[in-house]
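Q: Just upload06.csv, nothing more (CSV, C-alpha atoms):
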```
chain,number,residue,atom,x,y,z
K,1,VAL,CA,107.4,82.3,147.7
K,2,SER,CA,106.8,84.4,150.8
K,3,ASP,CA,109.8,86.6,149.8
K,4,LEU,CA,108.0,87.6,146.6
K,5,GLU,CA,104.7,88.6,148.3
K,6,PRO,CA,105.9,91.8,149.9
K,7,ARG,CA,107.2,93.0,146.6
K,8,SER,CA,104.2,92.3,144.4
K,9,THR,CA,101.5,93.3,146.9
K,10,PRO,CA,102.5,97.1,147.2
K,11,SER,CA,102.6,97.3,143.4
K,12,LEU,CA,99.2,95.9,143.1
K,13,MET,CA,97.8,97.9,145.9
K,14,SER,CA,99.3,101.2,144.5
K,15,SER,CA,97.7,100.5,141.1
K,16,LEU,CA,94.3,99.8,142.6
K,17,ARG,CA,94.6,102.9,144.8
K,18,ALA,CA,95.4,105.0,141.8
K,19,LEU,CA,92.4,103.7,139.9
K,20,LEU,CA,90.1,104.3,142.9
K,21,ILE,CA,91.4,107.9,143.2
K,22,ALA,CA,90.8,108.6,139.5
K,23,ALA,CA,87.3,107.1,139.7
K,24,ALA,CA,86.4,109.2,142.7
K,25,ALA,CA,87.7,112.3,141.1
K,26,ALA,CA,85.6,111.6,138.0
K,27,THR,CA,82.4,111.1,139.9
K,28,SER,CA,82.9,114.1,142.3
K,29,GLY,CA,84.2,116.6,139.8
K,30,ALA,CA,87.1,117.4,142.1
K,31,ARG,CA,90.5,118.3,140.7
K,32,THR,CA,92.8,115.6,142.2
K,33,VAL,CA,96.5,115.2,141.6
K,34,VAL,CA,97.4,111.6,141.8
K,35,PRO,CA,100.9,111.1,143.2
K,36,GLN,CA,101.3,107.8,141.5
K,37,PRO,CA,102.6,108.4,137.9
K,38,ALA,CA,104.3,105.1,137.6
K,39,ALA,CA,101.2,103.3,138.8
K,40,LEU,CA,99.0,105.2,136.3
K,41,THR,CA,101.4,104.3,133.5
K,42,ARG,CA,101.1,100.6,134.4
K,43,LEU,CA,97.3,100.9,134.5
K,44,GLN,CA,97.3,102.7,131.1
K,45,ARG,CA,99.3,99.8,129.6
K,46,LEU,CA,97.0,97.2,131.2
K,47,ARG,CA,94.0,99.0,129.8
K,48,GLY,CA,95.5,99.2,126.3
K,49,GLY,CA,96.0,102.9,126.4
K,50,ASN,CA,99.1,102.9,124.2
K,51,VAL,CA,97.7,102.4,120.7
K,52,LEU,CA,100.6,104.0,118.9
K,53,ALA,CA,104.3,103.3,119.3
K,54,THR,CA,106.6,106.2,119.8
K,55,PRO,CA,108.8,107.0,116.8
K,56,PRO,CA,111.9,105.3,118.1
K,57,ASP,CA,109.9,102.2,119.2
K,58,GLY,CA,108.1,102.3,115.9
K,59,PHE,CA,111.5,102.2,114.1
K,60,ASP,CA,112.6,99.2,116.2
K,61,GLY,CA,109.3,97.5,115.4
K,62,ALA,CA,109.9,98.1,111.7
K,63,VAL,CA,113.3,96.6,111.9
K,64,ALA,CA,111.9,93.5,113.6
K,65,ALA,CA,109.2,93.2,111.0
K,66,GLY,CA,111.7,93.5,108.2
K,67,SER,CA,114.0,90.9,109.8
K,68,LYS,CA,111.1,88.5,109.9
K,69,LYS,CA,110.3,89.1,106.3
K,70,ALA,CA,113.9,88.6,105.3
K,71,ALA,CA,114.0,85.2,107.0
K,72,MET,CA,110.9,84.0,105.3
K,73,PRO,CA,111.4,81.0,102.8
K,74,ALA,CA,111.3,82.0,99.2
K,75,ASP,CA,108.3,79.8,98.3
K,76,LYS,CA,106.3,81.4,101.1
K,77,VAL,CA,107.3,84.9,100.0
K,78,PHE,CA,106.1,84.0,96.4
K,79,ARG,CA,102.7,82.6,97.6
K,80,LEU,CA,102.1,85.7,99.8
K,81,GLY,CA,103.3,87.9,96.9
K,82,VAL,CA,100.7,86.4,94.6
K,83,PHE,CA,98.0,87.2,97.3
K,84,SER,CA,99.3,90.8,97.5
K,85,GLY,CA,99.2,91.2,93.7
K,86,VAL,CA,95.6,90.2,93.8
K,87,HIS,CA,94.8,92.5,96.7
K,88,ILE,CA,96.3,95.5,95.0
K,89,GLY,CA,94.6,94.5,91.8
K,90,PHE,CA,91.2,94.5,93.5
K,91,GLY,CA,91.9,97.9,94.8
K,92,ALA,CA,92.8,99.2,91.3
K,93,LEU,CA,89.7,97.5,89.9
K,94,LEU,CA,87.5,99.4,92.4
K,95,MET,CA,89.3,102.6,91.6
K,96,LEU,CA,88.6,102.2,87.8
K,97,THR,CA,85.1,101.1,88.5
K,98,VAL,CA,84.1,104.1,90.6
K,99,GLY,CA,86.5,106.8,89.5
K,100,GLY,CA,86.4,105.7,85.9
K,101,ALA,CA,82.6,106.0,85.8
K,102,CYS,CA,82.7,109.7,86.5
K,103,PRO,CA,83.6,111.4,83.2
K,104,GLY,CA,81.3,114.3,83.8
K,105,LEU,CA,82.9,114.9,87.2
K,106,ALA,CA,86.4,114.8,85.6
K,107,GLU,CA,85.5,117.6,83.3
K,108,SER,CA,83.5,119.8,85.6
K,109,ASN,CA,85.5,119.3,88.8
K,110,PRO,CA,88.9,117.5,88.2
K,111,GLY,CA,90.1,118.1,91.7
K,112,LEU,CA,87.1,116.3,93.2
K,113,HIS,CA,87.4,113.6,90.6
K,114,LYS,CA,91.0,112.9,91.7
K,115,LEU,CA,89.8,112.8,95.3
K,116,VAL,CA,87.2,110.1,94.4
K,117,LEU,CA,89.9,108.1,92.5
K,118,GLY,CA,92.1,108.1,95.6
K,119,ALA,CA,89.5,107.5,98.2
K,120,PHE,CA,87.9,104.4,96.6
K,121,GLY,CA,90.2,101.5,95.7
K,122,LEU,CA,93.9,101.3,96.5
K,123,PRO,CA,93.6,102.0,100.2
K,124,PHE,CA,91.5,98.9,100.7
K,125,GLY,CA,93.9,96.9,98.6
K,126,LEU,CA,96.8,97.7,100.9
K,127,MET,CA,94.6,97.1,103.9
K,128,MET,CA,94.0,93.5,102.8
K,129,THR,CA,97.8,93.0,102.2
K,130,LEU,CA,99.0,94.4,105.5
K,131,LEU,CA,96.3,92.9,107.7
K,132,SER,CA,96.6,89.4,106.1
K,133,GLY,CA,100.4,89.3,106.2
K,134,ALA,CA,100.8,89.2,102.4
K,135,GLU,CA,104.1,90.2,100.7
K,136,LEU,CA,104.2,93.5,98.7
K,137,PHE,CA,107.3,94.3,96.8
K,138,THR,CA,107.0,98.1,97.2
K,139,GLY,CA,106.6,97.8,101.0
K,140,ASN,CA,109.5,95.4,101.2
K,141,THR,CA,111.8,98.0,99.6
K,142,ALA,CA,111.5,99.9,102.9
K,143,MET,CA,110.9,97.2,105.6
K,144,VAL,CA,113.5,94.7,104.6
K,145,THR,CA,116.0,97.4,103.7
K,146,THR,CA,115.6,98.8,107.2
K,147,ALA,CA,116.5,95.4,108.6
K,148,VAL,CA,119.6,95.3,106.4
K,149,ALA,CA,120.7,98.8,107.4
K,150,GLU,CA,120.5,97.7,111.1
K,151,GLY,CA,122.4,94.5,110.6
K,152,LYS,CA,119.4,92.2,111.1
K,153,ALA,CA,119.4,90.9,107.5
K,154,ASP,CA,121.9,90.5,104.7
K,155,GLY,CA,122.1,91.4,101.0
K,156,GLY,CA,121.1,87.9,99.9
K,157,GLN,CA,117.9,88.0,102.0
K,158,LEU,CA,117.1,91.5,100.6
K,159,ALA,CA,117.5,90.3,97.0
K,160,LYS,CA,115.3,87.2,97.7
K,161,SER,CA,112.6,89.3,99.3
K,162,TRP,CA,112.5,91.9,96.5
K,163,LEU,CA,112.8,89.6,93.5
K,164,VAL,CA,110.5,86.8,94.8
K,165,SER,CA,107.8,89.2,96.1
K,166,TYR,CA,108.0,91.1,92.8
K,167,ALA,CA,107.4,87.9,90.8
K,168,GLY,CA,104.5,86.9,93.0
K,169,ASN,CA,102.9,90.4,92.7
K,170,PHE,CA,103.2,90.3,88.9
K,171,LEU,CA,101.6,86.9,88.6
K,172,GLY,CA,98.7,87.8,91.0
K,173,SER,CA,98.1,91.2,89.4
K,174,VAL,CA,98.2,90.0,85.8
K,175,GLY,CA,96.1,86.9,86.7
K,176,LEU,CA,93.4,89.0,88.2
K,177,ALA,CA,93.5,91.3,85.1
K,178,ALA,CA,92.8,88.3,82.9
K,179,LEU,CA,89.9,87.2,85.1
K,180,VAL,CA,88.4,90.7,85.1
K,181,ALA,CA,88.8,91.0,81.3
K,182,ALA,CA,87.1,87.5,80.9
K,183,GLY,CA,84.3,88.5,83.2
K,184,GLY,CA,83.7,91.7,81.3
K,185,THR,CA,82.9,93.8,84.4
K,186,LEU,CA,84.5,96.9,82.8
K,187,ALA,CA,83.7,96.0,79.1
K,188,ALA,CA,81.5,99.1,78.7
K,189,SER,CA,84.0,101.4,80.4
K,190,GLY,CA,86.8,103.2,78.6
K,191,ALA,CA,88.8,103.7,81.8
K,192,PRO,CA,91.2,100.7,81.5
K,193,VAL,CA,92.1,101.5,77.9
K,194,ALA,CA,92.6,105.3,78.5
K,195,THR,CA,94.6,104.7,81.7
K,196,ALA,CA,96.9,102.1,80.0
K,197,VAL,CA,97.6,104.5,77.1
K,198,ALA,CA,98.3,107.4,79.5
K,199,LYS,CA,100.7,105.4,81.7
K,200,THR,CA,102.7,104.2,78.7
K,201,SER,CA,102.9,107.7,77.2
K,202,LEU,CA,105.0,109.1,80.0
K,203,SER,CA,108.7,109.7,79.4
K,204,PHE,CA,111.2,107.5,81.2
K,205,LYS,CA,112.1,110.4,83.5
K,206,GLN,CA,108.5,111.2,84.3
K,207,ALA,CA,107.7,107.6,85.2
K,208,PHE,CA,110.8,107.2,87.3
K,209,VAL,CA,110.3,110.4,89.3
K,210,ARG,CA,106.6,109.6,89.8
K,211,GLY,CA,107.6,106.1,91.0
K,212,ILE,CA,110.0,107.7,93.6
K,213,LEU,CA,107.3,110.0,95.0
K,214,CYS,CA,104.6,107.2,95.0
K,215,ASN,CA,106.6,104.7,97.0
K,216,TRP,CA,107.7,107.4,99.4
K,217,LEU,CA,104.1,107.7,100.3
K,218,VAL,CA,103.3,104.0,100.1
K,219,CYS,CA,106.2,103.0,102.4
K,220,MET,CA,105.2,105.7,104.8
K,221,ALA,CA,101.8,104.1,105.0
K,222,VAL,CA,103.3,100.7,105.6
K,223,TYR,CA,105.7,102.1,108.2
K,224,MET,CA,103.1,104.1,110.1
K,225,ALA,CA,100.6,101.2,110.0
K,226,SER,CA,103.3,99.0,111.7
K,227,MET,CA,103.4,101.5,114.5
K,228,ALA,CA,99.6,101.4,115.1
K,229,LYS,CA,98.4,98.8,117.7
K,230,ASP,CA,94.8,98.7,116.7
K,231,LEU,CA,92.7,98.3,113.5
K,232,PRO,CA,91.4,101.9,113.3
K,233,GLY,CA,94.9,103.3,113.7
K,234,LYS,CA,96.2,101.0,110.9
K,235,ILE,CA,93.3,102.0,108.6
K,236,VAL,CA,94.0,105.8,109.1
K,237,ALA,CA,97.8,105.3,108.6
K,238,ILE,CA,97.1,103.5,105.3
K,239,TRP,CA,94.2,105.5,104.0
K,240,PHE,CA,95.6,109.0,103.7
K,241,PRO,CA,99.0,108.3,102.1
K,242,ILE,CA,97.5,105.8,99.6
K,243,SER,CA,94.6,108.0,98.6
K,244,ALA,CA,97.1,110.9,98.3
K,245,PHE,CA,99.4,109.1,95.8
K,246,ILE,CA,96.4,108.3,93.5
K,247,ALA,CA,95.0,111.8,93.7
K,248,LEU,CA,98.5,113.2,92.9
K,249,GLY,CA,98.9,111.1,89.8
K,250,LEU,CA,101.9,109.1,91.0
K,251,GLU,CA,103.0,105.6,89.7
K,252,HIS,CA,103.0,102.3,91.6
K,253,SER,CA,104.6,99.3,89.9
K,254,VAL,CA,102.3,96.7,91.4
K,255,ALA,CA,99.1,98.6,90.7
K,256,ASN,CA,100.3,99.1,87.2
K,257,MET,CA,100.8,95.3,86.9
K,258,PHE,CA,97.1,95.1,87.0
K,259,ILE,CA,95.9,98.4,85.3
K,260,VAL,CA,98.0,98.3,82.1
K,261,PRO,CA,97.5,94.6,81.4
K,262,LEU,CA,93.8,95.1,81.9
K,263,GLY,CA,93.9,97.9,79.4
K,264,ILE,CA,95.9,95.7,76.9
K,265,LEU,CA,93.4,92.9,77.3
K,266,SER,CA,90.5,95.4,76.8
K,267,GLY,CA,91.9,96.6,73.5
K,268,ALA,CA,94.3,99.4,74.2
K,269,ALA,CA,96.8,100.1,71.5
K,270,VAL,CA,99.7,99.3,73.9
K,271,THR,CA,102.1,96.4,73.4
K,272,TRP,CA,103.5,94.3,76.3
K,273,LYS,CA,107.0,95.5,75.3
K,274,ALA,CA,105.9,99.2,75.7
K,275,PHE,CA,104.3,98.3,79.1
K,276,LEU,CA,107.4,96.6,80.4
K,277,LEU,CA,110.0,99.1,79.1
K,278,LYS,CA,108.2,102.4,79.1
K,279,ASN,CA,106.3,102.1,82.3
K,280,LEU,CA,107.0,99.1,84.6
K,281,LEU,CA,110.8,99.4,84.4
K,282,PRO,CA,111.2,103.1,85.3
K,283,VAL,CA,108.4,103.0,87.8
K,284,THR,CA,109.9,100.0,89.5
K,285,LEU,CA,113.3,101.7,89.7
K,286,GLY,CA,111.7,104.8,91.1
K,287,ASN,CA,109.8,102.8,93.7
K,288,ILE,CA,113.0,101.2,94.9
K,289,VAL,CA,114.6,104.7,95.4
K,290,GLY,CA,111.5,105.9,97.2
K,291,GLY,CA,111.3,103.0,99.6
K,292,ALA,CA,114.9,102.1,100.2
K,293,ALA,CA,116.5,105.6,100.3
K,294,LEU,CA,113.8,108.0,101.3
K,295,VAL,CA,112.1,105.8,104.0
K,296,ALA,CA,114.4,103.0,105.1
K,297,GLY,CA,117.6,105.1,104.7
K,298,ALA,CA,116.1,108.2,106.2
K,299,TYR,CA,114.7,106.6,109.3
K,300,SER,CA,117.8,104.5,109.9
K,301,PHE,CA,119.7,107.8,109.8
K,302,ALA,CA,117.2,109.3,112.3
K,303,TYR,CA,116.8,106.4,114.7
K,304,GLY,CA,119.3,103.7,113.7
K,305,LYS,CA,122.8,102.9,112.9
K,306,LEU,CA,123.2,105.2,109.8
K,307,GLY,CA,122.8,108.3,112.1
K,308,LYS,CA,125.4,107.2,114.6
K,309,PRO,CA,129.0,108.5,114.5
K,310,VAL,CA,131.5,106.1,113.0
K,311,PRO,CA,134.0,105.0,115.7
K,312,ALA,CA,137.4,106.4,115.2
```
Show the structure stored in the file as structure tokens.

A:
Amino acid sequence: VSDLEPRSTPSLMSSLRALLIAAAAATSGARTVVPQPAALTRLQRLRGGNVLATPPDGFDGAVAAGSKKAAMPADKVFRLGVFSGVHIGFGALLMLTVGGACPGLAESNPGLHKLVLGAFGLPFGLMMTLLSGAELFTGNTAMVTTAVAEGKADGGQLAKSWLVSYAGNFLGSVGLAALVAAGGTLAASGAPVATAVAKTSLSFKQAFVRGILCNWLVCMAVYMASMAKDLPGKIVAIWFPISAFIALGLEHSVANMFIVPLGILSGAAVTWKAFLLKNLLPVTLGNIVGGAALVAGAYSFAYGKLGKPVPA
């Protein structure tokens, strides 16, 4: 034990000395150069100064998170998928309730109306999912794919994560839509009907491309939120990309699992077949490309195995 004391005491004393020097400089106004950078770094860590991971460390964290998701039992993925479907549905409900109640604003100032639609709703839905550990299909297209790209998960685990979380998201979203329709909270609003008609009127190509762009932003929100170490940082990382995809008119498969069924249950002239084939299918395929290729693949190329030279 005595052999360890000489090693730990100087480290502790240097850290305390650095803290005292910094405090003295702050109170006296003197410009003091502290010759203890290593000690200051240790103090900063002890005081929680590192609230955001560096990009390489953030990528490693995303790989670890994706590996954990990949190893999760299917029944648990499904249950947490249902929760996430409900979360995203609540976000979409708030969006329709607030943004859908501003027809005058949509006519007089469409840009501001889009900003209102984006700011109120979907960001808080993703916050509930990420902070509670729920399973969102669109986020898993990036996080679990990243783990596969780095050799920390296999194709079977990837398929399980995608398919089971998708099924859970669908059940949670449609179930919430049925509850909202039964409750009549938007009975006097034409927003669910108009939105369902507009979404199923897109061409396959339009829906597919909008799905790519949407999940590029959604997965960046999930990826950056995983790099933040405190709640305010996670909220900021989520808020801007999610509000942006709504304001830009992009397409999110899980949000649409709530929005279009709610429109159908509210009387929209849209069939379930039209919803599944003209909207949900192309949007889902686009979401996969956006998350798996443009986020998981891109950052594995930047910081992981995909960017390393192949041995001769």

Q: Take the point (92.6, 97.8, 74.4) in the file's coordinates, draw a sphere of radius 10 Å around it, and report as a list of chain:residue names every protein, DNA or RNA residue with an atom inside or on it, counting all atoms listed in the file.

A: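 With a cut-off of 10 Å, the residues come to K:Gly190, K:Pro192, K:Val193, K:Ala194, K:Ala196, K:Val197, K:Val260, K:Pro261, K:Leu262, K:Gly263, K:Ile264, K:Leu265, K:Ser266, K:Gly267, K:Ala268, K:Ala269, K:Val270, K:Thr271.
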
Q: As an exercise, work out the distance from atom CA of Leu217 of chain K to atom CA of Phe275 of chain K in Å and give it to one decimal place.

A: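 One can read the atom CA of Leu217 of chain K to atom CA of Phe275 of chain K distance as 23.2 Å.
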
Q: What separation in Å, quoted to one decimal, exists between atom CA of Ser243 of chain K and atom CA of Gly304 of chain K?

A: 29.3 Å

Q: Within 9 Å of Lys69 of chain K, counting all atoms listed in the file, which residues show up once you throw out same-chain ones fewer than 2 positions away? Write them as a list in words, please.

A: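 My reading of the contact set: Ala64, Ala65, Gly66, Ser67, Ala71, Met72, Pro73, Val77, Glu135, Asn140, Met143, Val144, Gln157 and Ser161 of chain K.
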
Q: Mind running segment 151-191 of chain K against segment 88-101 of chain K at 9 Å and telling me each contacting residue's nearest atom pair with the distance in Å (one decimal), counting all atoms listed in the file, chain and number ascending, as a Markdown table?

A:
```
| residue | atom | partner | partner_atom | distance |
| --- | --- | --- | --- | --- |
| K:Asn169 | CA | K:Ile88 | CA | 8.7 |
| K:Gly172 | CA | K:Gly89 | CA | 7.9 |
| K:Ser173 | CA | K:Gly89 | CA | 5.4 |
| K:Val174 | CA | K:Gly89 | CA | 8.3 |
| K:Leu176 | CA | K:Gly89 | CA | 6.7 |
| K:Ala177 | CA | K:Gly89 | CA | 7.5 |
| K:Val180 | CA | K:Leu93 | CA | 8.4 |
| K:Thr185 | CA | K:Thr97 | CA | 8.7 |
| K:Leu186 | CA | K:Thr97 | CA | 7.1 |
| K:Ser189 | CA | K:Ala101 | CA | 7.2 |
| K:Gly190 | CA | K:Gly100 | CA | 7.7 |
| K:Ala191 | CA | K:Gly100 | CA | 5.2 |
```

Q: Hey, can you check how far atom CA of Val283 of chain K sits from atom CA of Lys68 of chain K?

A: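 So the two atoms, atom CA of Val283 of chain K and atom CA of Lys68 of chain K, lie 26.6 Å apart.
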
Q: I need the residue nearest Thr195 of chain K from this list: K:Pro232, K:Gly249, K:Gly133, K:Gly155. Use all atoms listed in the file for the distance.

A: K:Gly249

Q: Tell me which protein, DNA and RNA residues are within 12 Å of segment 119-123 of chain K, counting all atoms listed in the file, leaving out same-chain ones fewer than 2 positions away, and put them as a PDB file with C-alpha atoms, keeping the file's coordinate frame.

A:
```pdb
ATOM      1  CA  SER K  84      99.300  90.800  97.500  1.00  0.00           C
ATOM      2  CA  GLY K  85      99.200  91.200  93.700  1.00  0.00           C
ATOM      3  CA  VAL K  86      95.600  90.200  93.800  1.00  0.00           C
ATOM      4  CA  HIS K  87      94.800  92.500  96.700  1.00  0.00           C
ATOM      5  CA  ILE K  88      96.300  95.500  95.000  1.00  0.00           C
ATOM      6  CA  GLY K  89      94.600  94.500  91.800  1.00  0.00           C
ATOM      7  CA  PHE K  90      91.200  94.500  93.500  1.00  0.00           C
ATOM      8  CA  GLY K  91      91.900  97.900  94.800  1.00  0.00           C
ATOM      9  CA  ALA K  92      92.800  99.200  91.300  1.00  0.00           C
ATOM     10  CA  LEU K  93      89.700  97.500  89.900  1.00  0.00           C
ATOM     11  CA  LEU K  94      87.500  99.400  92.400  1.00  0.00           C
ATOM     12  CA  MET K  95      89.300 102.600  91.600  1.00  0.00           C
ATOM     13  CA  LEU K  96      88.600 102.200  87.800  1.00  0.00           C
ATOM     14  CA  THR K  97      85.100 101.100  88.500  1.00  0.00           C
ATOM     15  CA  VAL K  98      84.100 104.100  90.600  1.00  0.00           C
ATOM     16  CA  GLY K  99      86.500 106.800  89.500  1.00  0.00           C
ATOM     17  CA  GLY K 100      86.400 105.700  85.900  1.00  0.00           C
ATOM     18  CA  LEU K 112      87.100 116.300  93.200  1.00  0.00           C
ATOM     19  CA  HIS K 113      87.400 113.600  90.600  1.00  0.00           C
ATOM     20  CA  LYS K 114      91.000 112.900  91.700  1.00  0.00           C
ATOM     21  CA  LEU K 115      89.800 112.800  95.300  1.00  0.00           C
ATOM     22  CA  VAL K 116      87.200 110.100  94.400  1.00  0.00           C
ATOM     23  CA  LEU K 117      89.900 108.100  92.500  1.00  0.00           C
ATOM     24  CA  GLY K 125      93.900  96.900  98.600  1.00  0.00           C
ATOM     25  CA  LEU K 126      96.800  97.700 100.900  1.00  0.00           C
ATOM     26  CA  MET K 127      94.600  97.100 103.900  1.00  0.00           C
ATOM     27  CA  MET K 128      94.000  93.500 102.800  1.00  0.00           C
ATOM     28  CA  THR K 129      97.800  93.000 102.200  1.00  0.00           C
ATOM     29  CA  LEU K 130      99.000  94.400 105.500  1.00  0.00           C
ATOM     30  CA  LEU K 217     104.100 107.700 100.300  1.00  0.00           C
ATOM     31  CA  VAL K 218     103.300 104.000 100.100  1.00  0.00           C
ATOM     32  CA  ALA K 221     101.800 104.100 105.000  1.00  0.00           C
ATOM     33  CA  VAL K 222     103.300 100.700 105.600  1.00  0.00           C
ATOM     34  CA  LYS K 234      96.200 101.000 110.900  1.00  0.00           C
ATOM     35  CA  ILE K 235      93.300 102.000 108.600  1.00  0.00           C
ATOM     36  CA  VAL K 236      94.000 105.800 109.100  1.00  0.00           C
ATOM     37  CA  ALA K 237      97.800 105.300 108.600  1.00  0.00           C
ATOM     38  CA  ILE K 238      97.100 103.500 105.300  1.00  0.00           C
ATOM     39  CA  TRP K 239      94.200 105.500 104.000  1.00  0.00           C
ATOM     40  CA  PHE K 240      95.600 109.000 103.700  1.00  0.00           C
ATOM     41  CA  PRO K 241      99.000 108.300 102.100  1.00  0.00           C
ATOM     42  CA  ILE K 242      97.500 105.800  99.600  1.00  0.00           C
ATOM     43  CA  SER K 243      94.600 108.000  98.600  1.00  0.00           C
ATOM     44  CA  ALA K 244      97.100 110.900  98.300  1.00  0.00           C
ATOM     45  CA  PHE K 245      99.400 109.100  95.800  1.00  0.00           C
ATOM     46  CA  ILE K 246      96.400 108.300  93.500  1.00  0.00           C
ATOM     47  CA  ALA K 247      95.000 111.800  93.700  1.00  0.00           C
ATOM     48  CA  LEU K 248      98.500 113.200  92.900  1.00  0.00           C
ATOM     49  CA  HIS K 252     103.000 102.300  91.600  1.00  0.00           C
ATOM     50  CA  VAL K 254     102.300  96.700  91.400  1.00  0.00           C
ATOM     51  CA  ALA K 255      99.100  98.600  90.700  1.00  0.00           C
ATOM     52  CA  ASN K 256     100.300  99.100  87.200  1.00  0.00           C
ATOM     53  CA  PHE K 258      97.100  95.100  87.000  1.00  0.00           C
ATOM     54  CA  ILE K 259      95.900  98.400  85.300  1.00  0.00           C
TER      55      ILE K 259
END
```

Q: So which residues touch Ala207 of chain K within 7 Å, counting all atoms listed in the file, skipping near sequence neighbours fewer than 4 positions away, as a PyMOL selection string?

A: chain K and resi 202-203+211+251+279+282-283

Q: Pick from K:Thr54, K:Phe137, K:Asn215, K:Phe59: nearest to Val82 of chain K, with all atoms listed in the file counted?

A: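 The shortest atom-to-atom distance to Val82 of chain K comes from K:Phe137.
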
Q: Any idea what's packed within 6 Å of segment 284-299 of chain K, counting all atoms listed in the file, ignoring anything in its chain fewer than 2 positions away? Could you give it as a ChimeraX atom specification?

A: /K:141-142,145-146,208,211-212,215-216,219,253,280-282,301-303

Q: Determine the nearest neighbour of Val51 of chain K from the options K:Met257, K:Val310, K:Leu231, K:Lys305, counting all atoms listed in the file.

A: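 Once distances to Val51 of chain K are computed over all atoms listed in the file, the minimum belongs to K:Leu231.
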